[in-house]
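Read through the structure below, which is laid out as structure tokens, and then see the notes.
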Amino acid sequence: MTSDLVLFRFDLRVDWLLASCALILMLLGVVMVGSASFSMSERIFGSPYHYLIRQSLFAFMGLFLILVVGRVPLLNWQNMRMWMLVISLVLLLLVFVPGLGKTVNGSTRWLDFGLFRFQVSELVKLLMLVYLSGYMVAHQEEVRQNPWGVLRPLLVFVLVAVLMLIEPDFGAAVVLLATMMGVLFLAGARLWLFGILSLLGGAVVVWLSTSAAYRLARITSFLDPWADPYDKGFQLTQSLIAIGSGSWTGTGLGGSVQKLFYLPEAHTDFLFAILAEELGLLGVSMVIVLFSFMVWRAFRLAYWSLQAEKPFAAYLSYGLGIWIGLQAFVNIGVNMGVLPTKGLTLPLMSYGGSSTLVMCLVIGLLLRVYHELPPEITTPKEKAS
Amino acid sequence: MKGKGRDDLMQQARHRFLLLLFAAIAIGLLVRAVDLQVLRQAFLQNQGDVRQQRVVTTAAHRGMVLDRNGEALAVSTPVDAVWANPKKLLSDQDLWPQLAALLDLPLSAIQKKVFKNQQKGFIYLKRLVTPILGQQVMALKIAGVGLQREYYRYYPAGEVTSHVVGFTNIDDQGQEGLELAFDRWLTGVPGRKLIVQDRLGRPVGDLQQLTVAQPGKNLTLSIDKRLQYLAYRELKATVQKYRARSGSVVIMDVHTGEILAMVNQPSYNPNKRSERRSAALRNRAVTDVLEPGSTIKPLTVVAALESGQYRPDTLIQTSPGWFMVKRLTVQDSHDYGLLDLTGIIRKSSNVGVSKIALSLAPEQLWDVFSRLGLGRSSGSGFPGESAGLLSRSGKKGKVKRVTMSYGYGLSVTPLQLVRAYSALAAEGILPPVFFQKVTDGVKGERVLSRQAALRVSKMMMAVVAKGGTGARARIVGYQVAGKTGTVRKSASGTYAKDRHVALFSGFAPVSSPRLAAVVVVNEPQGKKYYGGQVAAPLFSKVMSGALRLLNVLPDDLPEPPMEYASIGGGL
């Protein structure tokens, strides 16, 4: 134990930039969850701190998880890629086992563990990206040269996406497929193949969006929320009102009116709107910049990994970076009314145990990527040469 | 190796492309944020305000109604109304039993109310609850339930002052009596404030006080609560004793025209809403008219004196106790023979006043009555005041003039009668009528010659003197002038034999008049129904008590008989 500690102290290669960025977002998230849920929590549970306490607990567990994951060599993940796929499929199927699966608002996305519920698709997204990165390393040339090399993982992903759609968890499926496409694109898939797949994927997304009545309703209400602001456009108009009311510097922490039962899901999917209302354009810019920075940092880690001939770390970093950025920007876009409602959380910030813990896993993995990079690559001197 | 280098270049290009894509998205989101938070900020803020802000009125305290000595007759105390938004209350059904228990309502009543009004945004669950109970209700934290400040109107004197003061409805608006007449004076201006409410309709905070609530002004009445109680008690006793249908007593300050007491039977307790039945609500002294009967005779005599054709000692032949005017038979109860004017009043001779009426110029009688305020509203402003009826045909036809001379064929309110007697008492100056206390000098209007008024006053003392019809109206220590009246009630065109109104009207002390009073007892049952038997004793009790309560100097202290003197000495 002591040697470990000593080792840890001397071998302390941590990407402080990424770590502090993630920490800031998490802390801000906890504060905003507390603020946004204050009245609702008091009403439902009799204590205004119910969600705040739980989210703080999740954050602590997440930090612990980061420490654990940070100590697991990436090679273990790489070797276990097939297990990742199997676990993903099993988890997605378990949701449909009566007694285990938990249905909320018509969606069966959760496994019920009594004390807490686990949202399967959150973890599946991570596991599938690990699987994909491993596959890339094993079949790099095929991906670049042979359409089959791209189509094989694609079929697996489509299978997973279909399972997600059955739940249904449309947002998770879209994010997963888009992230996979991004990774394939970066891994050097042929452009023409990529173009076809993108068109196909886009077509499927459009078809899916318009096939289910509730999704279509979301789309139409998204296009003109003010047409029916008290019913179909309610959530979106309230979100826009919240953001607009924030102005430059916001109404101040705790000053949101929209969180007083006006804006549904204020502490989860629409946390960003409350943040915008209370912290204004200042807070909004900060959050967007921080997420942008995380994407850039993940890409930088991927670039260094490629240089260090660590393709698994590189593809994993790409995937995780795209995922965080995509999910964050889609969530923010939904809040701002530029995208239809998806049911996606704001990474690291929204209330929710599964989301928080999985995102901490992501941060842990990225920190591990940095940790395994040779020091000469990450120092500016080396980079300059 | 060359291929690998090309792959690296391609990879770097794609790397940059995706980063640029993310950067573009980030910038796009920032632009959108500026659009929402800066450019469209006003619109969105306004949309939010429309949803979140509400102007609420804050109830203004209604002014108190006080008697002339500052005693409270109507007081408002702050209470709460528990209201609900049924749409929102529906979501909290599990808390309904607790709510019902607190409000002391059956659960089914709440269910019925809420389900019936599902489409509405506002219903009262219970009004006029104590602020403590209101706080307990709010502590339940039920969605869509709120409190509204309102005021409960309490009438400390209850049924004693109910006719004069009236009452307010549950919305604090005057409905009857002076509460209605002076509603604008008593009602304050409700304040308005802008508040922020949460989606459940509960106020979260005050934004702006738009206007401050201005409390209503207090109203000080001319009523003296002590006299009011006295009059009420005595009237009630008399009405019960004679099983009368109704009754009224009015006491007026003869110089200022202030109503010092005004009571009626039957009455009601304004604090009990269930007792607010229409029959008992009427302030009969103001709203109901009656034929004044013999109580009008002093006014006929005044007309005689004013005409110059008569002096107090002018003699009139009333034998044989009856005479005919056209087809009308005018009759006295006895043959009184030759009577002077005092005798006519004292004996209440119909024949006498009829002969006077016929001897005067046709419009003379009507003119005097009219000048004394009969047949027109007193201008008191009391809601529902009746003007009575003084027909213009009384200027011409002989029969009409004759019947009018002894008080039939015209109708007056008790208030008009007491005011006319006040004019007689105040040496011919007719006072205005006030229900509110008069602080500055009152200018009455001279309607009679001083001499005529003084002479009639003196004559009316004979009524109360021993052997007069109103002897029972006597008051020890004070000289009283007055006139009895026993009116046969008209029913379906003719006069009923067994239904009477017993009247007494008078004032005291005669040497320096202060108070005038009218007593009306409607339909006393049994053998005693004459004004002198039923109304005069009541007048005596009320007037003597009032004079003493007001510390009016006695003007008729008799030589005390021995036994009284010895008791006085013992004290």
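A note on labels: chains of the structure tokens are A, B, ... as shown, every chain counts residues from 1, and ligands are counted from 1 in their shown order.
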Spatial neighbours of stretch 201-214 of chain A, 9 Å, only C-alpha atoms, chain gap at least 2 places, as a PyMOL selection string: chain A and resi 170+174+177-178+196-199+216-219
Residue hits in chain A, query chain B, radius 8 Å, only C-alpha atoms, as an mmCIF file with N, CA, C and O atoms, in the first residue's frame:
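part-v9.cif, freshly written:
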data_model
loop_
_atom_site.group_PDB
_atom_site.id
_atom_site.type_symbol
_atom_site.label_atom_id
_atom_site.label_comp_id
_atom_site.auth_asym_id
_atom_site.auth_seq_id
_atom_site.Cartn_x
_atom_site.Cartn_y
_atom_site.Cartn_z
ATOM 1 N N ARG A 43 -41.527 20.155 -2.474
ATOM 2 C CA ARG A 43 -42.914 19.791 -2.675
ATOM 3 C C ARG A 43 -43.102 18.277 -2.667
ATOM 4 O O ARG A 43 -44.055 17.755 -2.093
ATOM 5 N N PHE A 185 -14.926 8.057 -39.457
ATOM 6 C CA PHE A 185 -14.429 9.133 -40.299
ATOM 7 C C PHE A 185 -12.981 9.463 -39.950
ATOM 8 O O PHE A 185 -12.102 9.531 -40.822
ATOM 9 N N LEU A 186 -12.706 9.566 -38.667
ATOM 10 C CA LEU A 186 -11.348 9.904 -38.232
ATOM 11 C C LEU A 186 -10.385 8.750 -38.466
ATOM 12 O O LEU A 186 -9.186 8.945 -38.659
ATOM 13 N N ALA A 187 -10.948 7.516 -38.419
ATOM 14 C CA ALA A 187 -10.088 6.356 -38.622
ATOM 15 C C ALA A 187 -9.737 6.187 -40.093
ATOM 16 O O ALA A 187 -8.964 5.303 -40.435
ATOM 17 N N GLY A 188 -10.318 6.996 -40.972
ATOM 18 C CA GLY A 188 -9.916 6.962 -42.366
ATOM 19 C C GLY A 188 -10.804 6.181 -43.290
ATOM 20 O O GLY A 188 -10.376 5.753 -44.353
ATOM 21 N N GLN A 238 -41.209 27.608 -22.336
ATOM 22 C CA GLN A 238 -40.758 27.915 -20.974
ATOM 23 C C GLN A 238 -39.240 27.927 -20.912
ATOM 24 O O GLN A 238 -38.634 28.739 -20.217
ATOM 25 N N LEU A 240 -37.230 28.652 -23.419
ATOM 26 C CA LEU A 240 -36.773 29.876 -24.089
ATOM 27 C C LEU A 240 -36.969 31.090 -23.182
ATOM 28 O O LEU A 240 -36.115 31.980 -23.103
ATOM 29 N N ILE A 241 -38.097 31.109 -22.494
ATOM 30 C CA ILE A 241 -38.368 32.215 -21.578
ATOM 31 C C ILE A 241 -37.301 32.255 -20.482
ATOM 32 O O ILE A 241 -36.776 33.309 -20.130
ATOM 33 N N ALA A 242 -36.970 31.062 -19.976
ATOM 34 C CA ALA A 242 -35.948 30.997 -18.927
ATOM 35 C C ALA A 242 -34.628 31.554 -19.443
ATOM 36 O O ALA A 242 -34.002 32.402 -18.792
ATOM 37 N N ILE A 243 -34.228 31.091 -20.618
ATOM 38 C CA ILE A 243 -32.947 31.530 -21.156
ATOM 39 C C ILE A 243 -32.976 33.033 -21.438
ATOM 40 O O ILE A 243 -32.066 33.774 -21.068
ATOM 41 N N GLY A 244 -34.073 33.481 -22.057
ATOM 42 C CA GLY A 244 -34.179 34.893 -22.390
ATOM 43 C C GLY A 244 -34.190 35.778 -21.161
ATOM 44 O O GLY A 244 -33.605 36.862 -21.149
ATOM 45 N N SER A 245 -34.842 35.290 -20.092
ATOM 46 C CA SER A 245 -34.921 36.097 -18.878
ATOM 47 C C SER A 245 -33.562 36.281 -18.228
ATOM 48 O O SER A 245 -33.374 37.170 -17.395
ATOM 49 N N GLY A 246 -32.622 35.412 -18.603
ATOM 50 C CA GLY A 246 -31.295 35.495 -17.989
ATOM 51 C C GLY A 246 -30.531 36.744 -18.395
ATOM 52 O O GLY A 246 -29.758 37.281 -17.611
ATOM 53 N N SER A 247 -30.752 37.189 -19.613
ATOM 54 C CA SER A 247 -30.040 38.374 -20.127
ATOM 55 C C SER A 247 -28.520 38.226 -19.962
ATOM 56 O O SER A 247 -28.007 37.116 -20.078
ATOM 57 N N TRP A 248 -27.837 39.303 -19.688
ATOM 58 C CA TRP A 248 -26.368 39.260 -19.668
ATOM 59 C C TRP A 248 -25.808 38.481 -18.488
ATOM 60 O O TRP A 248 -24.984 37.601 -18.638
ATOM 61 N N VAL A 257 -37.320 31.890 -11.900
ATOM 62 C CA VAL A 257 -38.750 31.727 -11.667
ATOM 63 C C VAL A 257 -39.251 30.488 -12.397
ATOM 64 O O VAL A 257 -40.158 29.806 -11.951
ATOM 65 N N LEU A 260 -39.841 27.201 -10.768
ATOM 66 C CA LEU A 260 -40.960 27.072 -9.851
ATOM 67 C C LEU A 260 -42.126 26.387 -10.561
ATOM 68 O O LEU A 260 -43.181 26.950 -10.743
ATOM 69 N N PHE A 261 -41.864 25.173 -10.994
ATOM 70 C CA PHE A 261 -42.862 24.286 -11.596
ATOM 71 C C PHE A 261 -43.269 24.696 -13.015
ATOM 72 O O PHE A 261 -44.110 24.056 -13.614
ATOM 73 N N TYR A 262 -42.710 25.806 -13.526
ATOM 74 C CA TYR A 262 -43.082 26.195 -14.888
ATOM 75 C C TYR A 262 -42.392 25.282 -15.904
ATOM 76 O O TYR A 262 -43.006 24.810 -16.846
ATOM 77 N N GLY A 280 -27.134 33.824 -16.718
ATOM 78 C CA GLY A 280 -27.115 34.696 -17.882
ATOM 79 C C GLY A 280 -26.161 34.249 -18.986
ATOM 80 O O GLY A 280 -25.630 33.132 -18.986
ATOM 81 N N LEU A 281 -25.931 35.159 -19.930
ATOM 82 C CA LEU A 281 -25.060 34.875 -21.060
ATOM 83 C C LEU A 281 -23.648 34.532 -20.581
ATOM 84 O O LEU A 281 -22.947 33.724 -21.195
ATOM 85 N N VAL A 284 -23.708 30.906 -19.654
ATOM 86 C CA VAL A 284 -23.918 30.131 -20.874
ATOM 87 C C VAL A 284 -22.609 30.028 -21.648
ATOM 88 O O VAL A 284 -22.174 28.937 -22.055
ATOM 89 N N SER A 285 -21.940 31.169 -21.842
ATOM 90 C CA SER A 285 -20.686 31.186 -22.580
ATOM 91 C C SER A 285 -19.654 30.304 -21.891
ATOM 92 O O SER A 285 -18.930 29.539 -22.533
ATOM 93 N N ILE A 288 -20.444 26.603 -22.551
ATOM 94 C CA ILE A 288 -20.160 26.217 -23.939
ATOM 95 C C ILE A 288 -18.653 26.152 -24.170
ATOM 96 O O ILE A 288 -18.133 25.218 -24.796
ATOM 97 N N VAL A 289 -17.945 27.124 -23.636
ATOM 98 C CA VAL A 289 -16.490 27.152 -23.804
ATOM 99 C C VAL A 289 -15.844 25.940 -23.114
ATOM 100 O O VAL A 289 -14.947 25.286 -23.667
ATOM 101 N N SER A 292 -16.503 22.901 -25.174
ATOM 102 C CA SER A 292 -15.671 22.978 -26.372
ATOM 103 C C SER A 292 -14.227 22.602 -26.033
ATOM 104 O O SER A 292 -13.555 21.855 -26.763
ATOM 105 N N VAL A 295 -13.795 18.878 -25.714
ATOM 106 C CA VAL A 295 -13.713 18.216 -27.016
ATOM 107 C C VAL A 295 -12.305 18.397 -27.594
ATOM 108 O O VAL A 295 -11.647 17.436 -28.029
ATOM 109 N N TRP A 296 -11.852 19.646 -27.543
ATOM 110 C CA TRP A 296 -10.515 19.937 -28.096
ATOM 111 C C TRP A 296 -9.451 19.133 -27.367
ATOM 112 O O TRP A 296 -8.547 18.557 -27.971
ATOM 113 N N PHE A 299 -9.498 15.499 -28.385
ATOM 114 C CA PHE A 299 -8.891 15.373 -29.710
ATOM 115 C C PHE A 299 -7.369 15.485 -29.618
ATOM 116 O O PHE A 299 -6.618 14.791 -30.300
ATOM 117 N N GLY A 325 -18.978 16.079 -26.557
ATOM 118 C CA GLY A 325 -19.312 17.302 -27.273
ATOM 119 C C GLY A 325 -20.688 17.225 -27.911
ATOM 120 O O GLY A 325 -21.507 18.153 -27.793
ATOM 121 N N PHE A 329 -23.775 19.537 -26.793
ATOM 122 C CA PHE A 329 -24.287 20.538 -27.723
ATOM 123 C C PHE A 329 -25.712 20.236 -28.169
ATOM 124 O O PHE A 329 -26.512 21.149 -28.385
ATOM 125 N N ILE A 332 -27.809 21.377 -25.247
ATOM 126 C CA ILE A 332 -27.902 22.844 -25.227
ATOM 127 C C ILE A 332 -28.774 23.328 -26.382
ATOM 128 O O ILE A 332 -29.589 24.236 -26.235
ATOM 129 N N GLY A 333 -28.583 22.679 -27.532
ATOM 130 C CA GLY A 333 -29.391 23.044 -28.696
ATOM 131 C C GLY A 333 -30.878 22.818 -28.453
ATOM 132 O O GLY A 333 -31.711 23.643 -28.828
ATOM 133 N N MET A 336 -32.179 25.489 -26.289
ATOM 134 C CA MET A 336 -32.303 26.775 -26.962
ATOM 135 C C MET A 336 -33.282 26.730 -28.122
ATOM 136 O O MET A 336 -33.458 27.719 -28.828
#
Calculate how many Å separate atom CA of A:Phe222 from atom CA of A:Ile274, rounding to one decimal.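 According to the coordinates, atom CA of A:Phe222 and atom CA of A:Ile274 are separated by 18.9 Å.
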Need the shell around A:Leu320: protein/DNA/RNA residues with any atom at most 9 Å away, counting only C-alpha atoms. Skip same-chain ones fewer than 2 positions apart. Format as an mmCIF file with all heavy atoms, in the first residue's frame?
data_model
loop_
_atom_site.group_PDB
_atom_site.id
_atom_site.type_symbol
_atom_site.label_atom_id
_atom_site.label_comp_id
_atom_site.auth_asym_id
_atom_site.auth_seq_id
_atom_site.Cartn_x
_atom_site.Cartn_y
_atom_site.Cartn_z
ATOM 1 N N LEU A 126 -20.813 3.952 -23.639
ATOM 2 C CA LEU A 126 -19.389 3.884 -23.288
ATOM 3 C C LEU A 126 -18.778 2.555 -23.729
ATOM 4 O O LEU A 126 -17.728 2.499 -24.405
ATOM 5 C CB LEU A 126 -19.219 4.072 -21.786
ATOM 6 C CG LEU A 126 -17.790 3.886 -21.253
ATOM 7 C CD1 LEU A 126 -16.869 4.948 -21.851
ATOM 8 C CD2 LEU A 126 -17.758 3.951 -19.743
ATOM 9 N N LEU A 129 -18.235 2.244 -27.389
ATOM 10 C CA LEU A 129 -17.095 3.017 -27.891
ATOM 11 C C LEU A 129 -15.789 2.297 -27.605
ATOM 12 O O LEU A 129 -14.853 2.321 -28.410
ATOM 13 C CB LEU A 129 -17.090 4.431 -27.291
ATOM 14 C CG LEU A 129 -18.193 5.341 -27.826
ATOM 15 C CD1 LEU A 129 -18.121 6.716 -27.178
ATOM 16 C CD2 LEU A 129 -18.098 5.470 -29.340
ATOM 17 N N THR A 179 -21.618 9.287 -33.095
ATOM 18 C CA THR A 179 -20.260 9.174 -32.553
ATOM 19 C C THR A 179 -19.460 8.124 -33.320
ATOM 20 O O THR A 179 -18.298 8.325 -33.690
ATOM 21 C CB THR A 179 -20.309 8.783 -31.056
ATOM 22 O OG1 THR A 179 -21.160 9.709 -30.378
ATOM 23 C CG2 THR A 179 -18.926 8.809 -30.448
ATOM 24 N N VAL A 295 -13.795 18.878 -25.714
ATOM 25 C CA VAL A 295 -13.713 18.216 -27.016
ATOM 26 C C VAL A 295 -12.305 18.397 -27.594
ATOM 27 O O VAL A 295 -11.647 17.436 -28.029
ATOM 28 C CB VAL A 295 -14.767 18.802 -27.981
ATOM 29 C CG1 VAL A 295 -14.592 18.194 -29.375
ATOM 30 C CG2 VAL A 295 -16.167 18.537 -27.460
ATOM 31 N N ALA A 298 -9.810 16.260 -25.752
ATOM 32 C CA ALA A 298 -9.903 14.837 -26.093
ATOM 33 C C ALA A 298 -9.259 14.587 -27.454
ATOM 34 O O ALA A 298 -8.530 13.598 -27.653
ATOM 35 C CB ALA A 298 -11.369 14.399 -26.108
ATOM 36 N N TYR A 315 -8.390 6.192 -30.710
ATOM 37 C CA TYR A 315 -9.783 6.066 -31.136
ATOM 38 C C TYR A 315 -10.740 6.245 -29.964
ATOM 39 O O TYR A 315 -11.816 6.833 -30.103
ATOM 40 C CB TYR A 315 -10.005 4.714 -31.830
ATOM 41 C CG TYR A 315 -9.243 4.633 -33.134
ATOM 42 C CD1 TYR A 315 -8.412 3.556 -33.430
ATOM 43 C CD2 TYR A 315 -9.365 5.663 -34.074
ATOM 44 C CE1 TYR A 315 -7.716 3.494 -34.620
ATOM 45 C CE2 TYR A 315 -8.658 5.614 -35.266
ATOM 46 C CZ TYR A 315 -7.828 4.531 -35.546
ATOM 47 O OH TYR A 315 -7.137 4.492 -36.714
ATOM 48 N N LEU A 316 -10.302 5.728 -28.797
ATOM 49 C CA LEU A 316 -11.143 5.895 -27.610
ATOM 50 C C LEU A 316 -11.307 7.373 -27.280
ATOM 51 O O LEU A 316 -12.416 7.853 -27.011
ATOM 52 C CB LEU A 316 -10.518 5.146 -26.425
ATOM 53 C CG LEU A 316 -11.406 4.998 -25.186
ATOM 54 C CD1 LEU A 316 -12.689 4.235 -25.521
ATOM 55 C CD2 LEU A 316 -10.666 4.323 -24.049
ATOM 56 N N SER A 317 -10.197 8.112 -27.336
ATOM 57 C CA SER A 317 -10.278 9.547 -27.030
ATOM 58 C C SER A 317 -11.171 10.265 -28.028
ATOM 59 O O SER A 317 -11.988 11.115 -27.662
ATOM 60 C CB SER A 317 -8.880 10.180 -27.059
ATOM 61 O OG SER A 317 -8.041 9.512 -26.171
ATOM 62 N N TYR A 318 -10.982 9.931 -29.304
ATOM 63 C CA TYR A 318 -11.855 10.529 -30.315
ATOM 64 C C TYR A 318 -13.322 10.258 -29.994
ATOM 65 O O TYR A 318 -14.167 11.166 -29.973
ATOM 66 C CB TYR A 318 -11.527 9.958 -31.702
ATOM 67 C CG TYR A 318 -10.407 10.677 -32.418
ATOM 68 C CD1 TYR A 318 -9.394 9.957 -33.056
ATOM 69 C CD2 TYR A 318 -10.381 12.080 -32.478
ATOM 70 C CE1 TYR A 318 -8.362 10.605 -33.727
ATOM 71 C CE2 TYR A 318 -9.353 12.731 -33.150
ATOM 72 C CZ TYR A 318 -8.349 11.997 -33.773
ATOM 73 O OH TYR A 318 -7.356 12.646 -34.435
ATOM 74 N N ILE A 322 -15.986 13.108 -29.015
ATOM 75 C CA ILE A 322 -17.144 13.388 -29.865
ATOM 76 C C ILE A 322 -18.440 13.203 -29.078
ATOM 77 O O ILE A 322 -19.368 14.016 -29.140
ATOM 78 C CB ILE A 322 -17.142 12.468 -31.104
ATOM 79 C CG1 ILE A 322 -15.961 12.819 -31.998
ATOM 80 C CG2 ILE A 322 -18.440 12.598 -31.882
ATOM 81 C CD1 ILE A 322 -15.748 11.832 -33.139
ATOM 82 N N TRP A 323 -18.444 12.131 -28.287
ATOM 83 C CA TRP A 323 -19.642 11.828 -27.507
ATOM 84 C C TRP A 323 -19.983 12.988 -26.553
ATOM 85 O O TRP A 323 -21.105 13.516 -26.568
ATOM 86 C CB TRP A 323 -19.429 10.534 -26.727
ATOM 87 C CG TRP A 323 -20.536 10.147 -25.797
ATOM 88 C CD1 TRP A 323 -21.822 10.576 -25.842
ATOM 89 C CD2 TRP A 323 -20.440 9.255 -24.690
ATOM 90 N NE1 TRP A 323 -22.555 10.004 -24.847
ATOM 91 C CE2 TRP A 323 -21.733 9.194 -24.122
ATOM 92 C CE3 TRP A 323 -19.403 8.484 -24.140
ATOM 93 C CZ2 TRP A 323 -22.001 8.403 -23.001
ATOM 94 C CZ3 TRP A 323 -19.676 7.695 -23.031
ATOM 95 C CH2 TRP A 323 -20.964 7.653 -22.475
ATOM 96 N N ILE A 324 -19.008 13.379 -25.733
ATOM 97 C CA ILE A 324 -19.264 14.473 -24.772
ATOM 98 C C ILE A 324 -19.736 15.723 -25.505
ATOM 99 O O ILE A 324 -20.759 16.334 -25.160
ATOM 100 C CB ILE A 324 -17.996 14.806 -23.969
ATOM 101 C CG1 ILE A 324 -17.628 13.635 -23.052
ATOM 102 C CG2 ILE A 324 -18.197 16.066 -23.138
ATOM 103 C CD1 ILE A 324 -16.353 13.862 -22.274
ATOM 104 N N GLY A 325 -18.978 16.079 -26.557
ATOM 105 C CA GLY A 325 -19.312 17.302 -27.273
ATOM 106 C C GLY A 325 -20.688 17.225 -27.911
ATOM 107 O O GLY A 325 -21.507 18.153 -27.793
ATOM 108 N N VAL A 362 -15.962 8.205 -18.253
ATOM 109 C CA VAL A 362 -15.389 8.807 -19.462
ATOM 110 C C VAL A 362 -14.183 9.680 -19.100
ATOM 111 O O VAL A 362 -13.109 9.569 -19.696
ATOM 112 C CB VAL A 362 -16.463 9.649 -20.195
ATOM 113 C CG1 VAL A 362 -15.820 10.475 -21.305
ATOM 114 C CG2 VAL A 362 -17.545 8.739 -20.750
ATOM 115 N N ILE A 363 -14.385 10.527 -18.078
ATOM 116 C CA ILE A 363 -13.282 11.411 -17.663
ATOM 117 C C ILE A 363 -12.114 10.577 -17.176
ATOM 118 O O ILE A 363 -10.942 10.835 -17.518
ATOM 119 C CB ILE A 363 -13.758 12.367 -16.534
ATOM 120 C CG1 ILE A 363 -14.907 13.241 -17.033
ATOM 121 C CG2 ILE A 363 -12.603 13.238 -16.038
ATOM 122 C CD1 ILE A 363 -14.571 14.111 -18.219
ATOM 123 N N LEU A 365 -11.282 7.563 -18.068
ATOM 124 C CA LEU A 365 -10.596 6.958 -19.220
ATOM 125 C C LEU A 365 -9.704 7.972 -19.926
ATOM 126 O O LEU A 365 -8.558 7.682 -20.285
ATOM 127 C CB LEU A 365 -11.628 6.391 -20.205
ATOM 128 C CG LEU A 365 -12.251 5.054 -19.791
ATOM 129 C CD1 LEU A 365 -13.421 4.691 -20.687
ATOM 130 C CD2 LEU A 365 -11.186 3.950 -19.823
ATOM 131 N N LEU A 366 -10.232 9.183 -20.132
ATOM 132 C CA LEU A 366 -9.436 10.215 -20.808
ATOM 133 C C LEU A 366 -8.188 10.553 -20.002
ATOM 134 O O LEU A 366 -7.084 10.732 -20.537
ATOM 135 C CB LEU A 366 -10.281 11.472 -21.044
ATOM 136 C CG LEU A 366 -11.338 11.362 -22.163
ATOM 137 C CD1 LEU A 366 -12.204 12.612 -22.206
ATOM 138 C CD2 LEU A 366 -10.667 11.134 -23.515
#
